[in-house]
Amino acid sequence: MATQQPSSALHTPALSPAYPMANPGYGKRSTPDQPPRTRHDFALLPTRERYVAGFVDHLPDGAAMSVKQLAKQLPLYGQQAISTALTALSVAGHLRRVRCPVGTGDETRWVFRTFWSRTARDNEWWNTYLATETATKAAAPAPEATTPPPPWAPDNGPPPAPEAPGLVQGPEATAVPQQRTPVQAPDAVPAPPAPDVAPAAPQAPEPGPSPAYLALARLGRTDHRLALSADDCATLEAQAAEWLARGVSAAYLTSALTAGLPAKVDSPVGLLRRRLTDKMPPHLPAENTSPDAPAPTARRILMECTDCGRPGRPEHLPDGLCRPCRTTHTNETPTQPTEAPEVTDIKARMANLRDLLKPV
């Protein structure tokens with residue numbers, strides 16, 4: 001009979017199937033790269049912290065991690081003791097509370113999570129882990145695509161091998177006529193194959209007129225004094241294309257060329273050539289870009305102080321505590337009592353006082 005090895009960790013209460021779970025996206029999150037559980041886990045922690053750590057370590061991901069819910073499941077300690085134990089576990093490097101933004105646009109909301117590590121981690125490891133996107137909810141692996149079996153395939157094995165035509169399975173089986181491929185006569189001569197004729201290569205469509213050419217051709221419809229011929233449009237096409245290359249639209253080009261025309265235009269091509277040169281616009285950005293739009297900033301995870309819940313950057317909350325809570329936690333560390341004065345010194349002082357009170 002094998003002997004049971006004593007464990008340094010206290011026995012944690014068995015988890016009830018009805019343990020409260022947090023809302024989707026909230027609750028406990030286990031960090032990666034953790035070794036398997038051993039009996040030496042949390043051996044260096046005090047009794048209360050070791051008891052709470054063993055219970056939290058066995059909780060599934062997504063379990064509620066509020067102090068109230070933990071106190072309901074751990075009858076040995078109240079809410080204040082549980083809160084103090086979680087603060088100690090944060091200082092020891094096992095726990096961090098964070099706020100994670102989820103959603104996009106106006107639907108962004110904050111979810112509160114508690115990251116747990118069975119292995120104690122230092123502040124540098126937690127800062128690196130929380131600064132990356134690996135701390136967000138891991139995407140579930142896509143299910144492997146499986147091809148459904150054909151309708152004729154049985155559930156307990158591969159499809160039966162096709163039977164030879166004319167064979168009968170067993171004495172009582174009925175012969176089913178099989179479909180046969182018609183056999184050609186031996187003297188039948190197959191038709192000669194069609195000669196390989198390379199298909200004619202499709203002709204590329206002729207390129208249509210450019211947008212600059214079309215804008216110049218439509219000027220006569222906007223104002224009859226600017227009617228241009230095909231040769232005139234081809235002559236001014238390069239200058240009009242330069243306008244469009246600078247980010248203006250065809251409507252803007254038409255408006256600039258037709259605004260403020262004289263009462264009589266003797267040479268439309270000469271007038272438009274002059275206007276295309278003198279009114280050349282500056283380089284403009286594309287219409288679908290907004291130069292003043294701020295660049296999207298990467299959303300980072302905010303850590304919460306394990307004791308008071310104050311948010312901040314991970315690098316600003318070492319040990320998971322803000323500065324006031326860290327100072328309070330340091331001051332609460334038990335110190336060695338001051339040594340009392342020696343008894344002999346007290347007796348000597350009392351004798352000296354008696355001597356001073358004696359009458360002279």
# chains A, B, ... in the order shown; residues from 1 in each chain; ligands from 1
call {"tool": "residues_around", "arguments": {"residues": "Glu237 (chain A)", "least_positions_apart": "6", "cutoff": "8 Å", "atoms": "only C-alpha atoms", "output": "ChimeraX atom specification"}}
result
/A:212-213,216
call {"tool": "closest_residue", "arguments": {"among": "A:Arg50, A:Thr114, A:Pro282, A:Val91", "to": "Thr330 (chain A)", "atoms": "only C-alpha atoms"}}
result
A:Val91
call {"tool": "closest_residue", "arguments": {"among": "A:Ser117, A:Gln79, A:Thr235, A:Asn23", "to": "His58 (chain A)", "atoms": "only C-alpha atoms"}}
result
A:Ser117
call {"tool": "decode", "arguments": {"residues": "region 93-123 of chain A", "atoms": "N, CA and C atoms", "output": "tab-separated table (two decimals), in the first residue's frame"}}
result
chain	number	residue	atom	x	y	z
A	93	GLY	N	3.37	38.28	-7.19
A	93	GLY	CA	3.53	38.06	-8.62
A	93	GLY	C	2.60	37.04	-9.22
A	94	HIS	N	1.50	36.70	-8.52
A	94	HIS	CA	0.57	35.69	-9.04
A	94	HIS	C	-0.66	36.30	-9.68
A	95	LEU	N	-0.95	37.57	-9.50
A	95	LEU	CA	-2.26	38.10	-9.88
A	95	LEU	C	-2.11	39.54	-10.35
A	96	ARG	N	-2.91	39.90	-11.36
A	96	ARG	CA	-3.03	41.27	-11.83
A	96	ARG	C	-4.48	41.51	-12.27
A	97	ARG	N	-5.02	42.65	-11.89
A	97	ARG	CA	-6.36	43.06	-12.32
A	97	ARG	C	-6.22	44.12	-13.40
A	98	VAL	N	-6.97	43.99	-14.51
A	98	VAL	CA	-6.82	44.91	-15.64
A	98	VAL	C	-8.20	45.28	-16.16
A	99	ARG	N	-8.20	46.34	-16.96
A	99	ARG	CA	-9.37	46.76	-17.74
A	99	ARG	C	-9.01	46.66	-19.21
A	100	CYS	N	-9.84	45.97	-19.99
A	100	CYS	CA	-9.57	45.75	-21.41
A	100	CYS	C	-10.67	46.39	-22.24
A	101	PRO	N	-10.34	47.24	-23.23
A	101	PRO	CA	-11.37	47.79	-24.11
A	101	PRO	C	-11.74	46.77	-25.17
A	102	VAL	N	-13.02	46.61	-25.40
A	102	VAL	CA	-13.53	45.72	-26.45
A	102	VAL	C	-14.54	46.50	-27.27
A	103	GLY	N	-14.70	46.08	-28.53
A	103	GLY	CA	-15.63	46.76	-29.42
A	103	GLY	C	-14.92	47.80	-30.26
A	104	THR	N	-15.68	48.43	-31.15
A	104	THR	CA	-15.15	49.44	-32.05
A	104	THR	C	-16.10	50.62	-32.08
A	105	GLY	N	-15.54	51.79	-32.33
A	105	GLY	CA	-16.36	52.99	-32.50
A	105	GLY	C	-17.09	53.36	-31.22
A	106	ASP	N	-18.39	53.71	-31.39
A	106	ASP	CA	-19.20	54.11	-30.25
A	106	ASP	C	-19.60	52.93	-29.38
A	107	GLU	N	-19.36	51.72	-29.81
A	107	GLU	CA	-19.75	50.54	-29.05
A	107	GLU	C	-18.62	50.01	-28.17
A	108	THR	N	-17.57	50.82	-27.96
A	108	THR	CA	-16.46	50.39	-27.13
A	108	THR	C	-16.90	50.37	-25.67
A	109	ARG	N	-16.54	49.31	-24.96
A	109	ARG	CA	-16.83	49.20	-23.54
A	109	ARG	C	-15.63	48.55	-22.85
A	110	TRP	N	-15.58	48.72	-21.54
A	110	TRP	CA	-14.47	48.18	-20.75
A	110	TRP	C	-14.94	46.94	-20.03
A	111	VAL	N	-14.11	45.91	-20.09
A	111	VAL	CA	-14.36	44.68	-19.35
A	111	VAL	C	-13.24	44.53	-18.32
A	112	PHE	N	-13.57	43.93	-17.19
A	112	PHE	CA	-12.64	43.79	-16.08
A	112	PHE	C	-12.24	42.32	-15.96
A	113	ARG	N	-10.95	42.08	-15.99
A	113	ARG	CA	-10.43	40.72	-15.94
A	113	ARG	C	-9.35	40.60	-14.87
A	114	THR	N	-9.18	39.40	-14.38
A	114	THR	CA	-8.14	39.09	-13.41
A	114	THR	C	-7.24	38.04	-14.01
A	115	PHE	N	-6.01	38.41	-14.31
A	115	PHE	CA	-5.05	37.48	-14.89
A	115	PHE	C	-4.34	36.76	-13.76
A	116	TRP	N	-4.24	35.45	-13.89
A	116	TRP	CA	-3.70	34.60	-12.83
A	116	TRP	C	-2.55	33.78	-13.37
A	117	SER	N	-1.49	33.67	-12.58
A	117	SER	CA	-0.32	32.86	-12.94
A	117	SER	C	0.06	32.02	-11.73
A	118	ARG	N	0.06	30.71	-11.93
A	118	ARG	CA	0.49	29.81	-10.86
A	118	ARG	C	1.94	30.04	-10.51
A	119	THR	N	2.75	30.37	-11.51
A	119	THR	CA	4.16	30.69	-11.29
A	119	THR	C	4.29	32.17	-10.97
A	120	ALA	N	5.03	32.50	-9.94
A	120	ALA	CA	5.22	33.90	-9.57
A	120	ALA	C	6.03	34.61	-10.66
A	121	ARG	N	5.53	35.75	-11.13
A	121	ARG	CA	6.18	36.53	-12.18
A	121	ARG	C	6.63	37.87	-11.61
A	122	ASP	N	7.73	38.40	-12.16
A	122	ASP	CA	8.19	39.70	-11.71
A	122	ASP	C	7.48	40.80	-12.50
A	123	ASN	N	7.75	42.06	-12.12
A	123	ASN	CA	7.07	43.18	-12.76
A	123	ASN	C	7.42	43.32	-14.23
